[in-house]
Structures are given as C-alpha cells and as structure tokens.
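What follows is a short report on a single structure.
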Amino acid sequence: MQDSPNSDKSIPKLVDIILPLEQSEDQNAWQQAISKKFGINAEDISELRLQKHSIDARQRQIKVQLRIEVGIKIRLPAAREYNNNYNPLSADAKRVIIIGSGPAGMFAALRCIELGCKPIVLERGKNASMRRFDLRPLLKEGRVIEDSNYCYGEGGAGTFSDGKLYTRATKRGPVRDVYETLVAHGAPKKILIDAHPHIGSNLLPKVVMAMRQSILEAGGEVHFGEKVIHFKYCDHKKQLKTVQTESGSEYIAPAVILATGHSARDIYSLMQRQNLRIEAKPFAVGVRIEHPQSLIDSLQYHYPRDQERPRMLPAASYRLATKIDQRGVHSFCMCPGGFIVPAATENDEVVVNGMSLARRDSPYANSGMVVTVEPDDVKEFVPEHGALAGLAFQKSLEISAKNAGGNGQVAPGQRVTDFIENRCSQSLPNTSYIPGITPARLDNLLPEWIVSRLQRGFKVFGKQMHGYITEESNLIGFETRTSSPLRIPRDPKSLEHPDLSGLYPCGEGAGFAGGIVSAALDGLRCAEAACK
C-alpha cells in the first residue's frame, strides 16, 4: 500500500509510476514523475530504490510500471541482506522423513530445521552436479537413465526447466518468503523485483545445491539413490513406522512428508498395492509448439519482424487460453528464448518439456499447448488400471510418440498449419530439440477429442495473435507431464493421509501444487504440520 504524499516525510514512501520504455531506466525520469505525483521538488528526493518492475506491452507504445521506495529528505534504510544461516539442530531433535528433494521437499526440510526438527531427505536420483552428466546420454544417444534425468534428482523437475517463479497461489502462504530463501541461497536478487520472475536452468542447480548445504550444516541429512519402495505401519492403528528403500535401508520417523513430484509413478502404484487411497483428478496433455523467438517478439511488442528487439525488453512471452466443448485449451510453461527437452523417465516413451537459461537468448520460443483431461475422458483405462487410469492414458501417448519418432528420443513433429488441416508435413522447420524430430501425423496419434479441440483452439489463438499460426511453427509430441492425474488425499486440518497416520502428502505429486512456488509453499505447510 502506497504512502500518502502528505504523510510523515521521515518515513520512506512507496509510489507506483508508469513510464515509457525508453525512460524506464532513467532515474532522473523517476524523480520527475515522483515529484509530480507527490507535488514536491525533485531536489527533496534523497534516495530511490526499485521494488517492482513490470512491462505493459498491451498497446503499441510499451510502458513500464515501477514501484519505487522513496526517501524524501531522508536516506533509506540499508538494503536488506539475505542469509542462509540456520541454527544447529539438537542431538535429540524430532526426525521427519522427506521423500523427494524437489521444491516441496527442500522447502519442507528448511522449515523443519527452523522448527527444531531434523529432516531426513530421501531422493531416488542424484545430486545436481551428477545429474548433468546423466543428461548427456539422454540428449546425445536417446538413452534414458531411469532414476536420473530431467524429472528425477536434486531439485526435482524444475531444476532443469527454467525455474519459473510466477504464481497465482498468493493465498497459500508467504510467496515473498520463498523468493527470499532462494535469494539467500544464490538466486539473483531481481526475482524480488520482476513481475514474472525466473531463475534459469543454468543458475538453479547452484541454488538447490546451496539449499542442500544449509540442510546438512544445520544437522539434517540428504540421501541420494534412495528410492522408496514400501511403507511399514501398524495394521491395527494404521500408524506409519518405517520407510523402506530399494537399497535395503529402513528409515524410522514419526512423520513422513511425501513430496515425490508428478512423475514418480511408482509411488502411486505402491499406494495402490498397499490399499492407501488415491483419487483421480483432472490434468492436461497436448503438444509443444515452437516458433522463432523473433516472431513472438514482433507479435507481442508490435514492431516489424526485421527490427531488432530493444535492449530493455526481455524475450517476449505469451499466455493463451480458451474453452472448447467444455474443455480448457491453453498454453502451459511458456519458455521465451528457450529449448525443448526430453522429459522421459523410461526408455519406452518420448515426453517433451521446455526450459530456458537465465538470459533467455535462444532463437526459439516454445510452449506447451494442452487440453484438459477429466477422469471421464479416460474411463476406458479404468477396468484394468482403476485409479491409475490417467497414468495409463499418459503412458499410452508417450509410447505412441516413441514409436512414431522411431529412434531413441527423436520426437514426432508436424507443422501447426498441417496439423490444423489434417495433412502430413513433408519437411519441418529447425528446432531447439537436440535429439531431433521427424515428420509424423500428430493429428492421427492423439485421440480425436484432443485433436479437434487443439485445432479449434489454434484457430482462436491465431485470431488473438495475428501471425501465431504459421508454417514456421512446429508441433512436437507429446506434452503429457503438466500435472499429476491423481491426488493423494489428506485431512484438511492435520494434512495427514486419511488412511495412514504420520504420512503427509505434499506438493505437485500429491496434487496440491502446480509449480515451483506453490510446491514450496505446500512444503512449508506440511513441515509445520509434521513438526507438531
């Protein structure tokens, strides 16, 4: 909330101003706008500090919205320093097992430490440094290392998929606290200012490694290569006792936070085998669409395609959504200046996802373009798979993509114009997808009810962004891991699983989050519940 210009001048003020793009980095222009807004002399402004930055490109004249902290005849307090110092845990600290080291698990672990509990983090994959090496055979040979890939390992799926932090989950908890924790562990401070912050896949691994170091230095534990295969509990009480891993180890704790992410399908199967309740929920599947970034820039920033993007403008993004025949059709995880990457977790499937580096300077823009899937849409899989019908449906699409690609992680592709017209692409534009793409009839590989909605959705989006539907654009199959098709239920107050006391389903894999920040917030909540 902004201060009134007539309020006590000894207190710093917050003021919102809007400036043309070309003036947005000029502090003299800031001063003039603020002095005019407050009705004071520019010379009375002692100090300025940027707090929020947002680009408004809806009109041809691009403007920038700035929120600035202002000192009027006073100096501003020293800028806050963010540190990652945590008090050491006592020798008899209560133990909390955390399964998974994605954002939900990592933030849960740090919150446990703040509350005086000892986190024991179990991660099936490898640490972020070693994970990088396991991506090479995936990219170069098309060979998936099934417990270490773009989905599994330290930091979870978000580690190598851009690190987008924008969220609408502001009612779920302290979003600013999540950003500040990331900054304290090495994330750039601009994430505290940008309206749509991201870290970048080249920087995020260092951040998650620093978070792990904080856990270890405070007295917590992090174990890699520990894939959970069984929950032991007292039958008469349904009270969780121990967690067993594939290595033969057993971990004992009165509370277990289950934060495995939406691709850990074996956890859902484990729960089904152990008669622990799981529930089908809506999710979304579709394709990745890829354009030249220069085209998206020209469409979003309203300038000729052959003109260079102004230095002050980032690679342009977009968000598109409509409803076709009672199903949502929308863009997902849009990556400006990014790359399409193979996100398969087994060798019999092809899955695609998007990522960007911090600079977002790739010549390509990509986004998921997906259709909502309701539980009734996959009822043909229910007789064989029960509550896992959505997983079986996802898997069927991933296998068909693998077969159509024909070699390793080569993915099937089709020009968007050909997809709309139900015809084969004789050739395909260049792509950022390193394993490569091959022409295929995606319109034949996907179910008709998804194809028809995507086709009509693309026509809507082509009217919203004139030039978006072009022969320069590839569709690449398939984007299937947008979210979990299942929810692992929990009591709304205790956050425990209704069938197993001491088990706290958490984050994206449990169906309670949809991105890095919302997963982190859910991790904080579950840690607080588990530490009670």
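Labels for the structure tokens follow display order: chains A, B, ..., residues from 1 in each chain, ligands from 1.
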
Exercise. List every residue of region 237-407 of chain A that DSSP, applied to the backbone, labels as helix (DSSP H, G or I), and write the result as a PyMOL selection string.
Key: chain A and resi 265-273+293-301+375-405

Output file for the residues above (C-alpha atoms, as an mmCIF file, in the first residue's frame):
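Below is the file again-v3.cif, written as the result:
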data_model
loop_
_atom_site.group_PDB
_atom_site.id
_atom_site.type_symbol
_atom_site.label_atom_id
_atom_site.label_comp_id
_atom_site.auth_asym_id
_atom_site.auth_seq_id
_atom_site.Cartn_x
_atom_site.Cartn_y
_atom_site.Cartn_z
ATOM 1 C CA ARG A 265 4.523 -43.092 -10.975
ATOM 2 C CA ASP A 266 5.876 -45.971 -8.933
ATOM 3 C CA ILE A 267 4.729 -44.164 -5.765
ATOM 4 C CA TYR A 268 1.132 -44.192 -6.994
ATOM 5 C CA SER A 269 1.435 -47.891 -7.800
ATOM 6 C CA LEU A 270 2.919 -48.510 -4.362
ATOM 7 C CA MET A 271 -0.021 -46.793 -2.695
ATOM 8 C CA GLN A 272 -2.486 -48.778 -4.780
ATOM 9 C CA ARG A 273 -0.755 -52.057 -3.788
ATOM 10 C CA GLN A 293 11.575 -16.001 -30.898
ATOM 11 C CA SER A 294 11.885 -13.071 -33.303
ATOM 12 C CA LEU A 295 8.328 -13.765 -34.485
ATOM 13 C CA ILE A 296 6.896 -13.823 -30.954
ATOM 14 C CA ASP A 297 8.816 -10.629 -30.134
ATOM 15 C CA SER A 298 7.369 -8.840 -33.135
ATOM 16 C CA LEU A 299 3.824 -10.010 -32.329
ATOM 17 C CA GLN A 300 3.948 -9.118 -28.653
ATOM 18 C CA TYR A 301 5.941 -5.894 -28.883
ATOM 19 C CA PRO A 375 -11.473 -38.526 -15.263
ATOM 20 C CA ASP A 376 -14.444 -39.469 -17.500
ATOM 21 C CA ASP A 377 -12.263 -38.959 -20.591
ATOM 22 C CA VAL A 378 -10.052 -41.934 -19.660
ATOM 23 C CA LYS A 379 -12.736 -44.337 -18.414
ATOM 24 C CA GLU A 380 -11.674 -46.970 -20.981
ATOM 25 C CA PHE A 381 -8.499 -47.438 -18.899
ATOM 26 C CA VAL A 382 -10.374 -47.857 -15.604
ATOM 27 C CA PRO A 383 -11.234 -51.595 -15.814
ATOM 28 C CA GLU A 384 -7.558 -52.554 -15.991
ATOM 29 C CA HIS A 385 -5.917 -49.713 -14.057
ATOM 30 C CA GLY A 386 -8.503 -48.395 -11.615
ATOM 31 C CA ALA A 387 -7.484 -45.054 -10.093
ATOM 32 C CA LEU A 388 -4.301 -45.170 -12.205
ATOM 33 C CA ALA A 389 -6.319 -44.773 -15.442
ATOM 34 C CA GLY A 390 -4.956 -41.269 -16.032
ATOM 35 C CA LEU A 391 -1.379 -42.543 -15.731
ATOM 36 C CA ALA A 392 -2.137 -45.329 -18.209
ATOM 37 C CA PHE A 393 -3.578 -42.792 -20.640
ATOM 38 C CA GLN A 394 -0.470 -40.583 -20.339
ATOM 39 C CA LYS A 395 1.763 -43.610 -20.861
ATOM 40 C CA SER A 396 -0.139 -44.692 -23.983
ATOM 41 C CA LEU A 397 0.530 -41.300 -25.589
ATOM 42 C CA GLU A 398 4.196 -41.401 -24.601
ATOM 43 C CA ILE A 399 4.648 -44.855 -26.130
ATOM 44 C CA SER A 400 2.943 -43.762 -29.350
ATOM 45 C CA ALA A 401 5.293 -40.764 -29.529
ATOM 46 C CA LYS A 402 8.260 -43.097 -29.057
ATOM 47 C CA ASN A 403 7.076 -45.403 -31.841
ATOM 48 C CA ALA A 404 6.395 -42.504 -34.206
ATOM 49 C CA GLY A 405 9.807 -40.968 -33.504
#

Exercise. Go ahead and compute the interatomic distance for CA of Ala264 (chain A) and CA of Gly509 (chain A), in Å to one decimal.
Key: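 Taking CA of Ala264 (chain A) as the start and CA of Gly509 (chain A) as the end point, the length is 7.4 Å.
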
Quiz prompt | Shell around Ser24 (chain A) at 9 Å using only C-alpha atoms, local window under 4 positions removed, as a PyMOL selection string | solution = chain A and resi 18-20+29-30+63-66+312

Practice problem: Write out as a list in words each polymer residue whose atoms come within 12 Å of Glu472 (chain A), counting only C-alpha atoms; drop sequence neighbours fewer than 2 positions from it. | Solution: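 Surrounding residues, per the criterion: Ile289, Glu290, His291, Pro292, Gln293, Ser294, Leu295, Ile296, Tyr364, Ala365, Gln414, Arg415, Val416, Thr417, Asp418, Ser425, Ser427, Leu428, Pro429, Asn430, Thr431, Gly467, Tyr468, Ile469, Thr470, Asn474 and Leu475 of chain A.
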
Could you write those residues out with C-alpha atoms, as a PDB file, in the first residue's frame?
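As a result, part-v4.pdb now contains:
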ATOM      1  CA  ILE A 289       4.597 -25.609 -30.023  1.00  0.00           C
ATOM      2  CA  GLU A 290       7.782 -23.857 -31.140  1.00  0.00           C
ATOM      3  CA  HIS A 291       8.221 -20.553 -33.004  1.00  0.00           C
ATOM      4  CA  PRO A 292      11.171 -18.348 -33.873  1.00  0.00           C
ATOM      5  CA  GLN A 293      11.575 -16.001 -30.898  1.00  0.00           C
ATOM      6  CA  SER A 294      11.885 -13.071 -33.303  1.00  0.00           C
ATOM      7  CA  LEU A 295       8.328 -13.765 -34.485  1.00  0.00           C
ATOM      8  CA  ILE A 296       6.896 -13.823 -30.954  1.00  0.00           C
ATOM      9  CA  TYR A 364      13.372 -20.173 -30.263  1.00  0.00           C
ATOM     10  CA  ALA A 365      10.217 -19.730 -28.184  1.00  0.00           C
ATOM     11  CA  GLN A 414       4.191 -31.601 -37.556  1.00  0.00           C
ATOM     12  CA  ARG A 415       3.823 -28.017 -38.739  1.00  0.00           C
ATOM     13  CA  VAL A 416       0.930 -26.358 -36.939  1.00  0.00           C
ATOM     14  CA  THR A 417      -0.632 -25.432 -40.287  1.00  0.00           C
ATOM     15  CA  ASP A 418      -0.572 -29.082 -41.382  1.00  0.00           C
ATOM     16  CA  SER A 425       4.354 -32.296 -43.170  1.00  0.00           C
ATOM     17  CA  SER A 427       9.539 -31.194 -44.005  1.00  0.00           C
ATOM     18  CA  LEU A 428       9.893 -29.492 -40.642  1.00  0.00           C
ATOM     19  CA  PRO A 429      11.427 -26.167 -39.551  1.00  0.00           C
ATOM     20  CA  ASN A 430      14.603 -26.153 -37.479  1.00  0.00           C
ATOM     21  CA  THR A 431      14.126 -26.908 -33.803  1.00  0.00           C
ATOM     22  CA  GLY A 467       0.739 -14.403 -37.218  1.00  0.00           C
ATOM     23  CA  TYR A 468       0.851 -17.068 -34.472  1.00  0.00           C
ATOM     24  CA  ILE A 469      -0.376 -19.773 -36.891  1.00  0.00           C
ATOM     25  CA  THR A 470       2.451 -20.064 -39.393  1.00  0.00           C
ATOM     26  CA  ASN A 474       6.493 -26.894 -35.198  1.00  0.00           C
ATOM     27  CA  LEU A 475       4.279 -29.017 -33.013  1.00  0.00           C
TER      28      LEU A 475
END

Self-check item: Residue neighbourhood Lys232 (chain A), 10 Å, only C-alpha atoms, exclusion window fewer than 4 positions, as a VMD selection string
Solution: chain A and resid 238 to 244 250 252 274

Include N, CA and C atoms and write out the residues we just selected as a CSV table (one decimal), in the first residue's frame.
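again.csv, freshly written:
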chain,number,residue,atom,x,y,z
A,238,LYS,N,-2.9,-48.3,11.8
A,238,LYS,CA,-2.5,-47.6,10.6
A,238,LYS,C,-1.7,-46.4,10.9
A,239,GLN,N,-0.7,-46.6,11.7
A,239,GLN,CA,0.3,-45.6,12.1
A,239,GLN,C,1.6,-46.0,11.4
A,240,LEU,N,2.1,-45.0,10.6
A,240,LEU,CA,3.4,-45.3,9.8
A,240,LEU,C,4.5,-45.5,10.8
A,241,LYS,N,5.4,-46.5,10.5
A,241,LYS,CA,6.5,-46.8,11.4
A,241,LYS,C,7.8,-46.6,10.7
A,242,THR,N,8.0,-47.2,9.5
A,242,THR,CA,9.3,-47.1,8.8
A,242,THR,C,9.0,-47.0,7.3
A,243,VAL,N,10.1,-46.4,6.6
A,243,VAL,CA,10.1,-46.3,5.1
A,243,VAL,C,11.2,-47.2,4.6
A,244,GLN,N,10.9,-48.1,3.7
A,244,GLN,CA,11.9,-49.0,3.1
A,244,GLN,C,12.4,-48.5,1.7
A,250,GLU,N,16.2,-49.0,5.9
A,250,GLU,CA,14.9,-48.6,6.5
A,250,GLU,C,15.2,-47.4,7.3
A,252,ILE,N,13.4,-44.7,10.1
A,252,ILE,CA,12.3,-44.7,11.1
A,252,ILE,C,12.1,-43.2,11.5
A,274,GLN,N,-0.7,-51.1,-1.6
A,274,GLN,CA,-0.8,-51.1,-0.1
A,274,GLN,C,-2.2,-50.6,0.3

Under the rule of at most 7 Å, produce a per-residue listing of region 197-306 of chain A near region 481-493 of chain A: chain, number, name, the closest pair of atoms, and the distance in Å, as JSON lines, using only C-alpha atoms.
{"residue": "A:His262", "atom": "CA", "partner": "A:Ser484", "partner_atom": "CA", "distance": 4.7}
{"residue": "A:Arg277", "atom": "CA", "partner": "A:Ile488", "partner_atom": "CA", "distance": 6.9}
{"residue": "A:Ile278", "atom": "CA", "partner": "A:Ile488", "partner_atom": "CA", "distance": 4.8}
{"residue": "A:Glu279", "atom": "CA", "partner": "A:Arg487", "partner_atom": "CA", "distance": 5.1}
{"residue": "A:Ala280", "atom": "CA", "partner": "A:Leu486", "partner_atom": "CA", "distance": 4.6}
{"residue": "A:Lys281", "atom": "CA", "partner": "A:Leu486", "partner_atom": "CA", "distance": 5.2}
{"residue": "A:Pro282", "atom": "CA", "partner": "A:Pro485", "partner_atom": "CA", "distance": 6.0}
{"residue": "A:Phe283", "atom": "CA", "partner": "A:Pro485", "partner_atom": "CA", "distance": 5.2}
{"residue": "A:Ala284", "atom": "CA", "partner": "A:Thr482", "partner_atom": "CA", "distance": 6.2}
{"residue": "A:Val285", "atom": "CA", "partner": "A:Thr482", "partner_atom": "CA", "distance": 6.8}

Quiz item: Which residue gives the smallest distance to Arg132 (chain A) among A:Ile516, A:Ile145, A:Ala218, A:Val352, with only C-alpha atoms counted?
Solution: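 For Arg132 (chain A), the nearest of the given residues is A:Ile145.
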
Please, which residues in region 153-223 of chain A fall within 9 Å of region 32-51 of chain A when counting only C-alpha atoms, and what is the closest atom pair and distance in Å to one decimal for each, ordered by chain then residue number, as CSV?
residue,atom,partner,partner_atom,distance
A:Leu192,CA,A:Gln51,CA,7.5
A:Ile193,CA,A:Gln51,CA,5.4
A:Asp194,CA,A:Gln51,CA,8.6

At most 8 Å is the cut-off: for each residue in region 165-194 of chain A with any atom that close to an atom of region 521-526 of chain A, write down the nearest atom pair and the distance in Å rounded to one decimal, counting only C-alpha atoms, chain first then increasing number, as JSON lines.
{"residue": "A:Arg172", "atom": "CA", "partner": "A:Leu521", "partner_atom": "CA", "distance": 6.7}
{"residue": "A:Gly173", "atom": "CA", "partner": "A:Leu521", "partner_atom": "CA", "distance": 5.9}
{"residue": "A:Pro174", "atom": "CA", "partner": "A:Leu521", "partner_atom": "CA", "distance": 7.3}
{"residue": "A:Val175", "atom": "CA", "partner": "A:Leu521", "partner_atom": "CA", "distance": 7.3}
{"residue": "A:Val178", "atom": "CA", "partner": "A:Leu521", "partner_atom": "CA", "distance": 7.4}

Taking C-alpha atoms for each residue, export the selection above as a PDB file, in the first residue's frame.
ATOM      1  CA  ARG A 172      -1.490 -20.307   0.052  1.00  0.00           C
ATOM      2  CA  GLY A 173       1.295 -18.665   2.020  1.00  0.00           C
ATOM      3  CA  PRO A 174       4.180 -16.192   2.047  1.00  0.00           C
ATOM      4  CA  VAL A 175       5.367 -16.074  -1.579  1.00  0.00           C
ATOM      5  CA  VAL A 178      10.021 -18.314  -0.838  1.00  0.00           C
TER       6      VAL A 178
END

Give me the region 148-264 of chain A side of the contact with region 74-89 of chain A, cut-off 10 Å, one line per residue showing its nearest atom pair and distance in Å at one decimal, counting only C-alpha atoms, sorted by chain and residue number, as CSV.
residue,atom,partner,partner_atom,distance
A:Glu180,CA,A:Tyr82,CA,6.8
A:Thr181,CA,A:Asn84,CA,7.4
A:Leu182,CA,A:Tyr82,CA,9.3
A:Val183,CA,A:Tyr82,CA,6.8
A:Ala184,CA,A:Tyr82,CA,4.8
A:His185,CA,A:Asn84,CA,6.4
A:Gly186,CA,A:Asn84,CA,9.6
A:Lys189,CA,A:Tyr82,CA,9.6
A:Ala210,CA,A:Asn84,CA,8.9
A:Met211,CA,A:Asn84,CA,8.3
A:Gln213,CA,A:Asn84,CA,9.7
A:Ser214,CA,A:Asn84,CA,6.8
A:Ile215,CA,A:Tyr86,CA,8.4
A:Leu216,CA,A:Pro88,CA,9.6
A:Glu217,CA,A:Pro88,CA,7.4
A:Ala218,CA,A:Pro88,CA,4.3
A:Gly219,CA,A:Leu89,CA,5.6
A:Gly220,CA,A:Leu89,CA,7.8

Take the residues just selected and output them with C-alpha atoms as a tab-separated table (two decimals), in the first residue's frame.
chain	number	residue	atom	x	y	z
A	180	GLU	CA	13.91	-14.51	-0.22
A	181	THR	CA	15.00	-18.05	0.67
A	182	LEU	CA	16.04	-18.60	-2.95
A	183	VAL	CA	17.98	-15.30	-2.97
A	184	ALA	CA	19.69	-16.28	0.28
A	185	HIS	CA	20.90	-19.41	-1.50
A	186	GLY	CA	22.27	-17.65	-4.57
A	189	LYS	CA	18.00	-10.54	-6.45
A	210	ALA	CA	23.26	-24.39	-1.62
A	211	MET	CA	19.92	-25.32	-0.04
A	213	GLN	CA	24.31	-27.45	2.12
A	214	SER	CA	22.16	-25.45	4.54
A	215	ILE	CA	20.26	-28.61	5.46
A	216	LEU	CA	23.48	-30.53	6.09
A	217	GLU	CA	25.21	-27.75	8.04
A	218	ALA	CA	22.25	-27.46	10.40
A	219	GLY	CA	22.36	-31.20	11.10
A	220	GLY	CA	19.84	-32.57	8.62

Practice problem: Could you find all residues in region 410-507 of chain A that DSSP calls strand (DSSP E) from the backbone, and write them as a list in words? | Solution: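 Assigned to strand (DSSP E), within region 410-507 of chain A: Ala411, Pro412, Gly413, Gln414, Arg415, Ile437, Thr438, Pro439, Asn474, Leu475, Ile476, Gly477, Phe478, Glu479, Leu486, Arg487, Leu503, Tyr504 and Pro505 of chain A.
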
Give me a file of those residues, with N, CA and C atoms, as a PDB file, in the first residue's frame.
ATOM      1  N   ALA A 411      11.611 -37.182 -31.578  1.00  0.00           N
ATOM      2  CA  ALA A 411      10.194 -36.946 -31.326  1.00  0.00           C
ATOM      3  C   ALA A 411       9.429 -36.739 -32.626  1.00  0.00           C
ATOM      4  N   PRO A 412       8.154 -37.088 -32.650  1.00  0.00           N
ATOM      5  CA  PRO A 412       7.337 -36.817 -33.832  1.00  0.00           C
ATOM      6  C   PRO A 412       6.978 -35.331 -33.903  1.00  0.00           C
ATOM      7  N   GLY A 413       6.990 -34.780 -35.118  1.00  0.00           N
ATOM      8  CA  GLY A 413       6.680 -33.366 -35.297  1.00  0.00           C
ATOM      9  C   GLY A 413       5.777 -33.121 -36.486  1.00  0.00           C
ATOM     10  N   GLN A 414       5.109 -31.974 -36.481  1.00  0.00           N
ATOM     11  CA  GLN A 414       4.191 -31.601 -37.556  1.00  0.00           C
ATOM     12  C   GLN A 414       4.054 -30.078 -37.530  1.00  0.00           C
ATOM     13  N   ARG A 415       4.080 -29.466 -38.697  1.00  0.00           N
ATOM     14  CA  ARG A 415       3.823 -28.017 -38.739  1.00  0.00           C
ATOM     15  C   ARG A 415       2.417 -27.754 -38.213  1.00  0.00           C
ATOM     16  N   ILE A 437      13.700 -34.227 -34.507  1.00  0.00           N
ATOM     17  CA  ILE A 437      12.290 -34.525 -34.759  1.00  0.00           C
ATOM     18  C   ILE A 437      12.143 -35.132 -36.151  1.00  0.00           C
ATOM     19  N   THR A 438      11.059 -35.866 -36.338  1.00  0.00           N
ATOM     20  CA  THR A 438      10.775 -36.484 -37.632  1.00  0.00           C
ATOM     21  C   THR A 438       9.308 -36.240 -37.962  1.00  0.00           C
ATOM     22  N   PRO A 439       8.971 -36.015 -39.249  1.00  0.00           N
ATOM     23  CA  PRO A 439       7.574 -35.753 -39.598  1.00  0.00           C
ATOM     24  C   PRO A 439       6.657 -36.915 -39.221  1.00  0.00           C
ATOM     25  N   ASN A 474       6.590 -25.452 -35.402  1.00  0.00           N
ATOM     26  CA  ASN A 474       6.493 -26.894 -35.198  1.00  0.00           C
ATOM     27  C   ASN A 474       5.564 -27.230 -34.044  1.00  0.00           C
ATOM     28  N   LEU A 475       4.874 -28.339 -34.160  1.00  0.00           N
ATOM     29  CA  LEU A 475       4.279 -29.017 -33.013  1.00  0.00           C
ATOM     30  C   LEU A 475       5.103 -30.277 -32.762  1.00  0.00           C
ATOM     31  N   ILE A 476       5.437 -30.531 -31.511  1.00  0.00           N
ATOM     32  CA  ILE A 476       6.286 -31.673 -31.164  1.00  0.00           C
ATOM     33  C   ILE A 476       5.569 -32.483 -30.087  1.00  0.00           C
ATOM     34  N   GLY A 477       5.544 -33.805 -30.245  1.00  0.00           N
ATOM     35  CA  GLY A 477       4.767 -34.656 -29.339  1.00  0.00           C
ATOM     36  C   GLY A 477       5.625 -35.443 -28.358  1.00  0.00           C
ATOM     37  N   PHE A 478       5.101 -35.644 -27.149  1.00  0.00           N
ATOM     38  CA  PHE A 478       3.904 -35.069 -26.581  1.00  0.00           C
ATOM     39  C   PHE A 478       4.221 -34.450 -25.240  1.00  0.00           C
ATOM     40  N   GLU A 479       3.404 -33.441 -24.882  1.00  0.00           N
ATOM     41  CA  GLU A 479       3.483 -32.794 -23.567  1.00  0.00           C
ATOM     42  C   GLU A 479       2.447 -33.484 -22.690  1.00  0.00           C
ATOM     43  N   LEU A 486      -3.496 -37.642 -10.555  1.00  0.00           N
ATOM     44  CA  LEU A 486      -4.000 -38.201  -9.300  1.00  0.00           C
ATOM     45  C   LEU A 486      -3.830 -37.211  -8.157  1.00  0.00           C
ATOM     46  N   ARG A 487      -4.682 -37.347  -7.187  1.00  0.00           N
ATOM     47  CA  ARG A 487      -4.481 -36.650  -5.917  1.00  0.00           C
ATOM     48  C   ARG A 487      -4.351 -37.696  -4.823  1.00  0.00           C
ATOM     49  N   LEU A 503       1.662 -39.864   7.588  1.00  0.00           N
ATOM     50  CA  LEU A 503       2.045 -39.645   6.191  1.00  0.00           C
ATOM     51  C   LEU A 503       1.405 -38.351   5.707  1.00  0.00           C
ATOM     52  N   TYR A 504       2.233 -37.425   5.214  1.00  0.00           N
ATOM     53  CA  TYR A 504       1.779 -36.108   4.794  1.00  0.00           C
ATOM     54  C   TYR A 504       1.987 -35.947   3.282  1.00  0.00           C
ATOM     55  N   PRO A 505       0.968 -36.201   2.453  1.00  0.00           N
ATOM     56  CA  PRO A 505       1.104 -35.994   1.009  1.00  0.00           C
ATOM     57  C   PRO A 505       1.343 -34.508   0.719  1.00  0.00           C
TER      58      PRO A 505
END

Exercise. Excluding region 158-167 of chain A and any residue of its chain fewer than 5 positions from it, enumerate the residues within 7 Å of it, using only C-alpha atoms, and give them as a ChimeraX atom specification.
Key: /A:150,196-201,204-205,354-357,516-518

Could you dump the residues just selected with N, CA and C atoms as a JSON list (two decimals), in the first residue's frame?
[["chain", "number", "residue", "atom", "x", "y", "z"],
["A", 150, "TYR", "N", 15.71, -35.49, -16.50],
["A", 150, "TYR", "CA", 15.13, -34.15, -16.33],
["A", 150, "TYR", "C", 14.06, -34.11, -15.25],
["A", 196, "HIS", "N", 7.30, -11.19, -13.31],
["A", 196, "HIS", "CA", 7.25, -12.60, -13.71],
["A", 196, "HIS", "C", 8.66, -13.18, -13.58],
["A", 197, "PRO", "N", 9.10, -13.44, -12.36],
["A", 197, "PRO", "CA", 10.50, -13.83, -12.15],
["A", 197, "PRO", "C", 10.80, -15.25, -12.60],
["A", 198, "HIS", "N", 12.04, -15.44, -12.98],
["A", 198, "HIS", "CA", 12.55, -16.80, -13.24],
["A", 198, "HIS", "C", 14.03, -16.79, -12.92],
["A", 199, "ILE", "N", 14.58, -17.95, -12.68],
["A", 199, "ILE", "CA", 16.00, -18.06, -12.31],
["A", 199, "ILE", "C", 16.85, -18.52, -13.48],
["A", 200, "GLY", "N", 16.38, -19.50, -14.23],
["A", 200, "GLY", "CA", 17.15, -20.04, -15.34],
["A", 200, "GLY", "C", 17.77, -21.37, -15.00],
["A", 201, "SER", "N", 17.74, -22.29, -15.96],
["A", 201, "SER", "CA", 18.21, -23.65, -15.72],
["A", 201, "SER", "C", 19.71, -23.73, -15.52],
["A", 204, "LEU", "N", 19.81, -22.40, -11.46],
["A", 204, "LEU", "CA", 19.03, -23.09, -10.44],
["A", 204, "LEU", "C", 19.76, -24.26, -9.79],
["A", 205, "PRO", "N", 20.55, -25.06, -10.52],
["A", 205, "PRO", "CA", 21.26, -26.15, -9.84],
["A", 205, "PRO", "C", 22.15, -25.66, -8.69],
["A", 354, "GLY", "N", 9.77, -27.89, -21.70],
["A", 354, "GLY", "CA", 10.52, -26.70, -22.10],
["A", 354, "GLY", "C", 11.39, -26.18, -20.99],
["A", 355, "MET", "N", 12.46, -25.45, -21.35],
["A", 355, "MET", "CA", 13.35, -24.82, -20.38],
["A", 355, "MET", "C", 13.97, -23.58, -21.01],
["A", 356, "SER", "N", 14.50, -22.71, -20.17],
["A", 356, "SER", "CA", 15.25, -21.54, -20.63],
["A", 356, "SER", "C", 16.43, -21.33, -19.70],
["A", 357, "LEU", "N", 17.48, -20.73, -20.23],
["A", 357, "LEU", "CA", 18.59, -20.28, -19.41],
["A", 357, "LEU", "C", 18.25, -18.90, -18.85],
["A", 516, "ILE", "N", 6.90, -24.37, -9.04],
["A", 516, "ILE", "CA", 7.94, -24.29, -8.02],
["A", 516, "ILE", "C", 7.44, -23.60, -6.76],
["A", 517, "VAL", "N", 6.83, -22.43, -6.92],
["A", 517, "VAL", "CA", 6.45, -21.64, -5.74],
["A", 517, "VAL", "C", 5.31, -22.28, -4.98],
["A", 518, "SER", "N", 4.27, -22.72, -5.68],
["A", 518, "SER", "CA", 3.15, -23.35, -4.96],
["A", 518, "SER", "C", 3.59, -24.65, -4.29]]

Near Pro12 (chain A), counting only C-alpha atoms, which residues have an atom at most 8 Å away, once you skip same-chain residues fewer than 3 positions from it, shown as a PDB file with C-alpha atoms, in the first residue's frame?
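Everything below was put into around11.pdb:
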ATOM      1  CA  LYS A   9       8.253  12.734   5.459  1.00  0.00           C
ATOM      2  CA  GLU A  69      10.692   3.213  -2.417  1.00  0.00           C
ATOM      3  CA  VAL A  70      11.375   6.907  -1.936  1.00  0.00           C
ATOM      4  CA  GLY A  71      13.281   8.810   0.717  1.00  0.00           C
ATOM      5  CA  ILE A  72      12.143  12.456   0.919  1.00  0.00           C
ATOM      6  CA  ILE A  74      15.973  11.256   4.361  1.00  0.00           C
ATOM      7  CA  LEU A  76      16.510   4.963   3.016  1.00  0.00           C
TER       8      LEU A  76
END
